[in-house]
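As stored in structure37.cif (mmCIF, C-alpha atoms):
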data_query
loop_
_atom_site.group_PDB
_atom_site.id
_atom_site.type_symbol
_atom_site.label_atom_id
_atom_site.label_comp_id
_atom_site.auth_asym_id
_atom_site.auth_seq_id
_atom_site.Cartn_x
_atom_site.Cartn_y
_atom_site.Cartn_z
ATOM 1 C CA MET A 91 -15.548 -17.197 12.673
ATOM 2 C CA ASP A 92 -15.971 -13.436 12.491
ATOM 3 C CA PRO A 93 -16.655 -12.860 16.226
ATOM 4 C CA TYR A 94 -13.656 -14.992 17.252
ATOM 5 C CA ILE A 95 -11.265 -13.083 14.990
ATOM 6 C CA LYS A 96 -12.629 -9.737 16.201
ATOM 7 C CA ALA A 97 -12.313 -10.819 19.837
ATOM 8 C CA ALA A 98 -8.709 -11.913 19.274
ATOM 9 C CA ASN A 99 -7.989 -8.601 17.553
ATOM 10 C CA ALA A 100 -9.453 -6.674 20.503
ATOM 11 C CA MET A 101 -6.882 -8.206 22.859
ATOM 12 C CA PRO A 102 -3.995 -5.801 23.509
ATOM 13 C CA ARG A 103 -0.737 -7.017 21.965
ATOM 14 C CA VAL A 104 1.147 -6.215 25.166
ATOM 15 C CA VAL A 105 -0.750 -9.065 26.838
ATOM 16 C CA LEU A 106 0.511 -11.511 24.218
ATOM 17 C CA ALA A 107 4.198 -10.752 24.804
ATOM 18 C CA PRO A 108 4.523 -12.572 28.169
ATOM 19 C CA ILE A 109 2.384 -15.457 26.920
ATOM 20 C CA PHE A 110 4.652 -15.914 23.898
ATOM 21 C CA MET A 111 7.742 -15.681 26.115
ATOM 22 C CA VAL A 112 6.429 -18.565 28.233
ATOM 23 C CA TRP A 113 5.453 -20.642 25.183
ATOM 24 C CA PHE A 114 8.453 -19.962 22.937
ATOM 25 C CA GLY A 115 11.142 -18.912 25.433
ATOM 26 C CA LEU A 116 13.289 -15.798 25.509
ATOM 27 C CA GLY A 117 14.800 -16.417 22.079
ATOM 28 C CA ILE A 118 13.915 -15.054 18.700
ATOM 29 C CA TRP A 119 10.796 -17.232 18.230
ATOM 30 C CA SER A 120 8.724 -15.342 20.801
ATOM 31 C CA LYS A 121 9.482 -12.110 18.963
ATOM 32 C CA VAL A 122 8.669 -13.700 15.615
ATOM 33 C CA ALA A 123 5.329 -14.976 16.951
ATOM 34 C CA LEU A 124 4.433 -11.517 18.252
ATOM 35 C CA GLY A 125 5.332 -9.963 14.907
ATOM 36 C CA VAL A 126 3.270 -12.543 13.037
ATOM 37 C CA THR A 127 0.200 -11.797 15.157
ATOM 38 C CA LEU A 128 0.637 -8.068 14.592
ATOM 39 C CA VAL A 129 0.879 -8.477 10.829
ATOM 40 C CA PHE A 130 -1.828 -11.168 10.589
ATOM 41 C CA PHE A 131 -4.639 -9.018 11.963
ATOM 42 C CA ILE A 132 -3.733 -6.001 9.838
ATOM 43 C CA VAL A 133 -3.596 -8.044 6.639
ATOM 44 C CA PHE A 134 -6.622 -10.194 7.507
ATOM 45 C CA PHE A 135 -8.971 -7.281 8.153
ATOM 46 C CA ASN A 136 -7.838 -5.398 5.042
ATOM 47 C CA VAL A 137 -8.400 -8.453 2.839
ATOM 48 C CA TYR A 138 -11.718 -9.232 4.551
ATOM 49 C CA GLN A 139 -12.990 -5.696 3.985
ATOM 50 C CA GLY A 140 -11.809 -5.733 0.379
ATOM 51 C CA VAL A 141 -13.593 -9.001 -0.357
ATOM 52 C CA LYS A 142 -16.800 -7.719 1.240
ATOM 53 C CA GLU A 143 -16.745 -4.572 -0.890
ATOM 54 C CA VAL A 144 -16.477 -6.266 -4.289
ATOM 55 C CA SER A 145 -19.412 -5.109 -6.356
ATOM 56 C CA PRO A 146 -21.889 -7.702 -7.635
ATOM 57 C CA TRP A 147 -21.115 -6.611 -11.187
ATOM 58 C CA CYS A 148 -17.441 -7.569 -10.767
ATOM 59 C CA SER A 149 -18.262 -11.017 -9.448
ATOM 60 C CA ALA A 150 -20.798 -11.577 -12.260
ATOM 61 C CA THR A 151 -18.164 -10.552 -14.808
ATOM 62 C CA ARG A 152 -15.686 -12.957 -13.246
ATOM 63 C CA ARG A 153 -18.185 -15.804 -13.556
ATOM 64 C CA CYS A 154 -18.839 -14.932 -17.199
ATOM 65 C CA TRP A 155 -15.151 -14.864 -18.115
ATOM 66 C CA ALA A 156 -14.131 -17.888 -16.054
ATOM 67 C CA PRO A 157 -12.430 -20.581 -18.143
ATOM 68 C CA PRO A 158 -13.794 -24.113 -17.992
ATOM 69 C CA ALA A 159 -12.474 -26.287 -15.195
ATOM 70 C CA SER A 160 -10.767 -28.634 -17.655
ATOM 71 C CA SER A 161 -8.500 -25.937 -19.129
ATOM 72 C CA SER A 162 -5.107 -25.169 -17.688
ATOM 73 C CA PHE A 163 -3.282 -21.864 -17.368
ATOM 74 C CA ALA A 164 -1.137 -22.597 -20.417
ATOM 75 C CA SER A 165 -4.111 -23.181 -22.715
ATOM 76 C CA CYS A 166 -6.224 -20.292 -21.451
ATOM 77 C CA THR A 167 -7.310 -17.958 -24.237
ATOM 78 C CA CYS A 168 -9.293 -14.753 -24.298
ATOM 79 C CA ARG A 169 -12.854 -15.155 -25.467
ATOM 80 C CA ARG A 170 -16.011 -13.163 -25.784
ATOM 81 C CA PRO A 171 -18.416 -13.269 -22.816
ATOM 82 C CA PRO A 172 -21.509 -15.418 -23.384
ATOM 83 C CA ARG A 173 -24.872 -13.791 -24.038
ATOM 84 C CA GLY A 174 -26.651 -12.641 -20.921
ATOM 85 C CA CYS A 175 -23.478 -11.547 -19.149
ATOM 86 C CA SER A 176 -23.803 -7.813 -19.239
ATOM 87 C CA PRO A 177 -23.327 -5.195 -16.545
ATOM 88 C CA ALA A 178 -26.583 -4.716 -14.724
#
Target encoding structure tokens, full file:
Amino acid sequence: MDPYIKAANAMPRVVLAPIFMVWFGLGIWSKVALGVTLVFFIVFFNVYQGVKEVSPWCSATRRCWAPPASSSFASCTCRRPPRGCSPA
């Protein structure tokens, strides 16, 4: 999926404007679609980079503190991490 998203991001946004005008007409929806594509790529690449840069220690800590699947948000309590879950 990564090469397809990067290829779509490399396309100039000016090229998309006439395409959206043909698809959605001259009304507000073509402008909304263009705005959504502008915002999507900015947000997507920032989130993607942030997820890639999470340290292994943070993800190990998350696994150690994860509540069991049977518990719900209302019954979630703080607890001590199990043995063996220490920062490495």
Show me, as JSON lines, the residues of stretch 117-151 of chain A having an atom within 10 Å of stretch 99-108 of chain A, each with the closest atom pair and its distance in Å, using all atoms listed in the file.
{"residue": "A:Ser120", "atom": "CA", "partner": "A:Ala107", "partner_atom": "CA", "distance": 7.6}
{"residue": "A:Lys121", "atom": "CA", "partner": "A:Ala107", "partner_atom": "CA", "distance": 8.0}
{"residue": "A:Ala123", "atom": "CA", "partner": "A:Ala107", "partner_atom": "CA", "distance": 9.0}
{"residue": "A:Leu124", "atom": "CA", "partner": "A:Ala107", "partner_atom": "CA", "distance": 6.6}
{"residue": "A:Gly125", "atom": "CA", "partner": "A:Arg103", "partner_atom": "CA", "distance": 9.8}
{"residue": "A:Thr127", "atom": "CA", "partner": "A:Arg103", "partner_atom": "CA", "distance": 8.4}
{"residue": "A:Leu128", "atom": "CA", "partner": "A:Arg103", "partner_atom": "CA", "distance": 7.6}
{"residue": "A:Phe130", "atom": "CA", "partner": "A:Asn99", "partner_atom": "CA", "distance": 9.6}
{"residue": "A:Phe131", "atom": "CA", "partner": "A:Asn99", "partner_atom": "CA", "distance": 6.5}
{"residue": "A:Ile132", "atom": "CA", "partner": "A:Asn99", "partner_atom": "CA", "distance": 9.2}
{"residue": "A:Phe135", "atom": "CA", "partner": "A:Asn99", "partner_atom": "CA", "distance": 9.5}
For atom CA of A:Lys96 and atom CA of A:Phe110, determine how far apart the two atoms are, in Å to one decimal place. 19.9 Å
One-decimal distance in Å that lies between atom CA of A:Trp119 and atom CA of A:Asp92: 27.6 Å
